[in-house]
Structure formats: C-alpha cells, structure tokens
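Colleague: The structure under discussion is supplied below as structure tokens; questions concerning it will follow.
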Amino acid sequence: MDYQAFVTQQIAEIRKEVGDGLALNALSGGVDSSVVTVLAHRALGKRLQTVFVDNALMREGEPQRVVQAFAKLGIPVELIAAQKAFLKALKGKTDPEKKRQAITDTFYKDVFGKVVRKSKAKFLLHGTILTDIEETVAGIKRQHNILVQLGIDTRKAYGYKVLEPLKSLRKDGVREVAKVLGLPDEIARRMPFPGPALAARVVGAVTEAKLNLVRAATAIVEEELANSAAFQYFAVLLNDYATGIRNNRREFGHIIVLRCIDSTDAREATVRELPWVVLHRITQRITSLPNVNRCLYDLTPKPPATVEYV
Ligand code: XMP
C-alpha cells in the first residue's frame, strides 16, 4: 500500500467533509489517536480542537509528555484536568467490568461529552481502526459508536458527523502512516497501553495512593526494560498483602507483580525469559518503594492468562 497516497487522500477528504466548519478530537497519546490528530491538523489547522483528558490513571508525566510532543509538532492540545471525576466514579468499585464501565462512562458521558456539547464543532474525529470494527461485529469488544457513547441521540442530533480516517487500516498500517507523517518513535512505536490505563493494573479498589504506587513501579519497570524490545512490560499492584521485614521490623506490605510478554497482536502471548540479574535489580528497586516487600514475576502465558489483570 502507498501510505503517502493514503495520507494525501485522507487529508483531502477531511478538508472536504469539514469545509469551513470546526472539528474536535480526543488524543490519548496512543498511535491511533495521534495519527488522527496529525492528519486532521494538516487538513484543518486552527479549525481542529484537540483535547487530552487527564483521568488520574496515566503513567508518570504522561499527560505533560503528550502535550509537549504535540507542541513540538506545532499542534496545540488542550489538557483537561478530570482526575477528580474519574477517581470519584471508581471509588469503591472492585469488579473489573464495573471499573472499566465507570471509566468509559466518565470519559464519554461526563468529561468529553461536556467538551463536545460546549464546542461549536459538528465534526468528531475518531481513531477507529479496522480491528475495532471487526471485534465489535464479532462481539469481542463492546460497540464503540462514539455518538451513542457520548449520549448523543443520532436521530435528533444530525448536526454531528463522525469521521474515522483510519477505519480501513490495521495497527501495522497505522504505524506506517505515523512514520510517513514524521511522528517521533516514542509515539509511532509506543507499546500498547490499555484504555483503562493504570486502573487495569490495580487489582481491587482504585485509590490515589494505590495509583501512585503502581505508577512508581511502572516507571521502574519501563526504565529497566526499555531496551528489551518486548511487546509489553509493566507492573501490577495486587489486592493482597504479605509479611516482610524492613529495618528489623515486620511489616504487612504490598505485593507487586512484574509482567513482560512477547506477542505479535496480543491475542496470544509468551513470557520473556528475562535474565536473573535484571529480575533481581527490578525486585530490589520495586521493594524499595514504601511498604512494598514482595515482587513476583508472572510466568503465565496468554492463554490461559490475559495480558492485563483487570
Ligand atoms: P488482554 O488483557 O485482554 O489484553 O489480554 C490484550 C491487549 O489489549 C490491551 N488492552 C486494552 N487496550 N483498551 C485498550 O485500548 C482496553 O480496555 C484494554 N484492555 C486490554 C492490553 O494492554 C494488551 O495489549
């Protein structure tokens, strides 16, 4: 496929659809929404409004990093501070599906929904890819009709039009387009990070303290394994405790799991045989975090495990 021609064609199409109107999109920092943002910005310039929602569940420095990366590309991104809304929606929820639903609802109905209603834009750009459509049709994924998720009645609100410039591509195609657009490697080759973000890596109820802990552990793991070229690597905070000894005193502390997998499309995954020296170093650093006295390495492939814990 000629990705350069794809880019030219999509830019022309966005321009034709939007005319002299305004368009809006939400950027997550993932490769799909990043590519849509650059395509739409090239097509519309100032007539594109891009927002990044800080949901309190991102990795260390991530919201600022994404905003800065786009500022360097000359694309302004509005950072929306919505930490409180997400933490409130998650409060006390322990069931994985309920946690995921709370995050989806808060994003669409509450936070991004409000931006859409306030904005004068009548066009929404969305990073839907072919796999999303196929998985929705096959019933693997919950349907992702963005207008329905935003609580917009498509029969009444014909003003809104959703544009999905990537809907004919799969992930590898999107990464090729990212390269053609000159996106930096940190975006074009970013490892998968789930929509529910760190909430998928805190088993049980999500609190600010637990998020801070898993965030710190994630930063250690990402730093130590940056050169591993593994498909995905991260830390998980269990909802269980173990006894340990610190400064000659017993403590009942947290347990963190290290996960590092190889895969091509995340449908199946094998566990990376990390060198002991690396495992020891990560364990030492993770158990230096406050009140963490165990670090476990998960040896389970997918299946039977999934990649994430929640
Ligand atoms: P599982 O845990 O289902 O994960 O084996 C497979 C791949 O998908 C990622 N993942 C998600 N990505 N929204 C996403 O965009 C989600 O809700 C979600 N849940 C899991 C996961 O990180 C892995 O790469």
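In the structure tokens, chains take the letters A, B, ... in the order shown, each chain's residues start at 1, and ligands count up from 1 in the order shown.
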Env of stretch 223-226 of chain A: 10 Å cut, atoms = only C-alpha atoms, seq-sep filter 3 positions within chain, self excluded. Answer as a list in words.
Modeller: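 Everything that qualifies: Ala217, Thr218, Ala219, Ile220, Ala229, Ala230, Gln232, Tyr233, Phe234, Cys260, Leu274, Val278, Leu279, Arg281, Ile282 and Arg285 of chain A.
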Colleague: What residues of the protein or nucleic acid chains come within 9 Å of ligand 1 when you use only C-alpha atoms and all ligand atoms? Reply as a PyMOL selection string.
Modeller: chain A and resi 30+100+141+191-197+200+231-232+263+265-269+302-303+305-310
Colleague: Which residues are close to A:Val35, i.e. within 8 Å by only C-alpha atoms, leaving aside same-chain residues fewer than 4 positions away? Reply as a list in words.
Modeller: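 So the residues in contact are Val31, Leu39, Gly127, Val174, Val177, Ala178 and Leu181 of chain A.
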Colleague: At a cut-off of 8 Å, using only C-alpha atoms, what residues contact stretch 77-83 of chain A? Leave out same-chain residues fewer than 6 positions from it and give the result as a ChimeraX atom specification.
Modeller: /A:49-57,63,67,70-71,111
Colleague: Can you pull out the residues contacting A:Phe107? Cut-off 10 Å, using only C-alpha atoms, and skip same-chain residues under 2 positions away; I want them as a short mmCIF file (atom, residue, chain, number, x, y, z; two decimals) with all heavy atoms, in the first residue's frame.
Modeller:
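As written to disk, out.cif reads:
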data_model
loop_
_atom_site.label_atom_id
_atom_site.label_comp_id
_atom_site.auth_asym_id
_atom_site.auth_seq_id
_atom_site.Cartn_x
_atom_site.Cartn_y
_atom_site.Cartn_z
N VAL A 53 -7.51 14.26 27.92
CA VAL A 53 -8.17 14.19 29.22
C VAL A 53 -7.24 13.53 30.24
O VAL A 53 -6.84 12.38 30.06
CB VAL A 53 -9.49 13.39 29.11
CG1 VAL A 53 -10.11 13.18 30.48
CG2 VAL A 53 -10.47 14.10 28.17
N ASN A 55 -7.05 11.66 33.29
CA ASN A 55 -8.02 10.87 34.05
C ASN A 55 -7.43 10.35 35.37
O ASN A 55 -8.02 9.46 35.98
CB ASN A 55 -8.55 9.72 33.19
CG ASN A 55 -7.41 8.81 32.72
OD1 ASN A 55 -6.27 8.93 33.17
ND2 ASN A 55 -7.72 7.91 31.81
N ALA A 82 -9.35 16.15 34.73
CA ALA A 82 -10.60 15.49 35.14
C ALA A 82 -10.31 14.40 36.16
O ALA A 82 -11.09 13.46 36.31
CB ALA A 82 -11.30 14.91 33.91
N ALA A 85 -13.15 13.55 38.74
CA ALA A 85 -14.34 12.86 38.22
C ALA A 85 -14.08 11.36 38.08
O ALA A 85 -14.93 10.53 38.43
CB ALA A 85 -14.73 13.46 36.87
N PHE A 86 -12.89 10.99 37.61
CA PHE A 86 -12.58 9.56 37.41
C PHE A 86 -12.39 8.86 38.76
O PHE A 86 -12.88 7.75 38.96
CB PHE A 86 -11.34 9.40 36.53
CG PHE A 86 -11.62 9.65 35.07
CD1 PHE A 86 -11.53 10.92 34.53
CD2 PHE A 86 -12.01 8.60 34.24
CE1 PHE A 86 -11.80 11.16 33.19
CE2 PHE A 86 -12.28 8.82 32.89
CZ PHE A 86 -12.18 10.11 32.36
N GLN A 101 -16.35 0.01 33.01
CA GLN A 101 -17.55 0.76 32.62
C GLN A 101 -17.54 2.17 33.21
O GLN A 101 -17.90 3.14 32.54
CB GLN A 101 -18.80 0.00 33.08
CG GLN A 101 -20.11 0.51 32.47
CD GLN A 101 -20.15 0.31 30.95
OE1 GLN A 101 -19.90 -0.78 30.47
NE2 GLN A 101 -20.43 1.37 30.20
N ALA A 102 -17.11 2.26 34.47
CA ALA A 102 -17.08 3.58 35.14
C ALA A 102 -16.15 4.53 34.38
O ALA A 102 -16.46 5.71 34.21
CB ALA A 102 -16.62 3.43 36.59
N ILE A 103 -15.02 4.00 33.91
CA ILE A 103 -14.06 4.85 33.20
C ILE A 103 -14.63 5.28 31.85
O ILE A 103 -14.57 6.44 31.47
CB ILE A 103 -12.72 4.10 33.02
CG1 ILE A 103 -12.08 3.89 34.40
CG2 ILE A 103 -11.77 4.86 32.10
CD1 ILE A 103 -10.97 2.87 34.41
N THR A 104 -15.23 4.31 31.13
CA THR A 104 -15.84 4.63 29.83
C THR A 104 -16.93 5.69 29.99
O THR A 104 -16.97 6.69 29.26
CB THR A 104 -16.46 3.36 29.21
OG1 THR A 104 -15.45 2.36 29.18
CG2 THR A 104 -16.96 3.59 27.81
N ASP A 105 -17.81 5.46 30.97
CA ASP A 105 -18.94 6.40 31.16
C ASP A 105 -18.44 7.79 31.55
O ASP A 105 -18.95 8.79 31.06
CB ASP A 105 -19.88 5.88 32.26
CG ASP A 105 -20.67 4.68 31.77
OD1 ASP A 105 -20.64 4.39 30.57
OD2 ASP A 105 -21.32 4.02 32.62
N LYS A 109 -19.64 10.25 28.79
CA LYS A 109 -20.86 10.97 29.18
C LYS A 109 -20.55 12.23 29.96
O LYS A 109 -21.24 13.22 29.85
CB LYS A 109 -21.75 10.04 30.01
CG LYS A 109 -22.21 8.87 29.17
CD LYS A 109 -23.38 8.14 29.77
CE LYS A 109 -23.77 7.01 28.85
NZ LYS A 109 -23.94 5.74 29.54
N ASP A 110 -19.51 12.17 30.77
CA ASP A 110 -19.24 13.28 31.64
C ASP A 110 -18.20 14.24 31.03
O ASP A 110 -18.53 15.31 30.55
CB ASP A 110 -18.76 12.69 32.99
CG ASP A 110 -18.63 13.72 34.08
OD1 ASP A 110 -18.87 14.89 33.77
OD2 ASP A 110 -18.28 13.37 35.22
N VAL A 111 -16.96 13.80 30.96
CA VAL A 111 -15.88 14.73 30.63
C VAL A 111 -15.83 15.14 29.15
O VAL A 111 -16.02 16.31 28.81
CB VAL A 111 -14.53 14.13 31.07
CG1 VAL A 111 -13.41 15.11 30.77
CG2 VAL A 111 -14.55 13.80 32.56
N PHE A 112 -15.63 14.18 28.26
CA PHE A 112 -15.53 14.53 26.83
C PHE A 112 -16.90 14.97 26.30
O PHE A 112 -17.00 15.86 25.47
CB PHE A 112 -14.96 13.36 26.03
CG PHE A 112 -14.64 13.70 24.60
CD1 PHE A 112 -13.83 14.78 24.28
CD2 PHE A 112 -15.16 12.95 23.55
CE1 PHE A 112 -13.53 15.11 22.96
CE2 PHE A 112 -14.87 13.27 22.23
CZ PHE A 112 -14.06 14.35 21.94
N GLY A 113 -17.96 14.36 26.82
CA GLY A 113 -19.31 14.73 26.44
C GLY A 113 -19.55 16.22 26.65
O GLY A 113 -20.13 16.91 25.81
N LYS A 114 -19.07 16.72 27.81
CA LYS A 114 -19.24 18.15 28.13
C LYS A 114 -18.49 19.01 27.12
O LYS A 114 -19.00 20.04 26.68
CB LYS A 114 -18.68 18.43 29.52
CG LYS A 114 -19.78 18.53 30.57
CD LYS A 114 -19.22 19.02 31.90
CE LYS A 114 -20.06 18.42 33.03
NZ LYS A 114 -19.28 18.07 34.18
N GLN A 149 -22.03 6.54 22.58
CA GLN A 149 -21.30 6.58 23.85
C GLN A 149 -21.30 7.98 24.47
O GLN A 149 -21.28 8.12 25.69
CB GLN A 149 -19.86 6.11 23.63
CG GLN A 149 -19.84 4.60 23.44
CD GLN A 149 -18.42 4.05 23.49
OE1 GLN A 149 -17.47 4.72 23.18
NE2 GLN A 149 -18.32 2.80 23.87
N LEU A 150 -21.35 8.99 23.63
CA LEU A 150 -21.40 10.35 24.16
C LEU A 150 -22.80 10.72 24.63
O LEU A 150 -23.02 11.80 25.14
CB LEU A 150 -20.95 11.34 23.07
CG LEU A 150 -19.45 11.42 22.81
CD1 LEU A 150 -19.17 12.12 21.50
CD2 LEU A 150 -18.74 12.16 23.94
#
Colleague: Have a look at A:Leu44, A:Val7, A:Gly182, A:Val277 and name the one nearest to A:Gly19; count only C-alpha atoms.
Modeller: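 Comparing A:Leu44, A:Val7, A:Gly182, A:Val277 against A:Gly19, the winner is A:Leu44.
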Colleague: Go through A:Leu24, A:Ala5, A:Ala235, A:Ile146 and flag the residue nearest A:Lys118, using only C-alpha atoms for the distances.
Modeller: A:Leu24
Colleague: Between A:Ile261, A:Leu130, A:Cys295, A:Leu237, which has the minimum distance to A:Asp32 (counting only C-alpha atoms)?
Modeller: A:Leu130
Colleague: Go through A:Arg155, A:Asn247, A:Lys88, A:Lys171 and flag the residue nearest A:Arg190, using only C-alpha atoms for the distances.
Modeller: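 Comparing A:Arg155, A:Asn247, A:Lys88, A:Lys171 against A:Arg190, the winner is A:Lys171.
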Colleague: Rounded to one decimal, what separation in Å do you get between atom CA of A:Thr300 and atom CA of A:Leu90?
Modeller: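 Distance between the two atoms: 28.0 Å.
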Colleague: Can you work out which one of A:Gln68, A:Asn293, A:Asp172, A:Val271 has the shortest atom-to-atom distance to A:Ala188, counting only C-alpha atoms?
Modeller: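 For A:Ala188, the nearest of the candidates is A:Asp172.
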Colleague: Any chance you could list, as an NGL selection string, the residues in stretch 135-284 of chain A that come up strand (DSSP E or B) when DSSP is run on the backbone?
Modeller: :A and (161-163 or 202 or 232-246 or 249-262 or 269-271)
Colleague: Tell me, as a PyMOL selection string, which residues lie within 12 Å of stretch 244-246 of chain A, counting only C-alpha atoms; anything in the same chain fewer than 2 positions away does not count.
Modeller: chain A and resi 241-242+248-255+287-295
Colleague: Looking only at the backbone, which of the residues in stretch 57-130 of chain A does DSSP tag as alpha helix (DSSP H), as a PyMOL selection string?
Modeller: chain A and resi 62-72+83-90+96-105+113-118+130
Colleague: For A:Gly61, which residue among A:Arg259, A:Ile187, A:Lys46, A:Ala216 is the nearest when counting only C-alpha atoms?
Modeller: A:Ala216
Colleague: Neighbours of A:Lys16 within 10 Å (only C-alpha atoms; same-chain residues fewer than 5 positions away dropped), as a PyMOL selection string?
Modeller: chain A and resi 10-11+43
Colleague: Could you tell me how far atom CA of A:Met58 lies from atom CA of A:Thr264, in Å and to one decimal?
Modeller: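 According to the coordinates, atom CA of A:Met58 and atom CA of A:Thr264 are separated by 24.1 Å.
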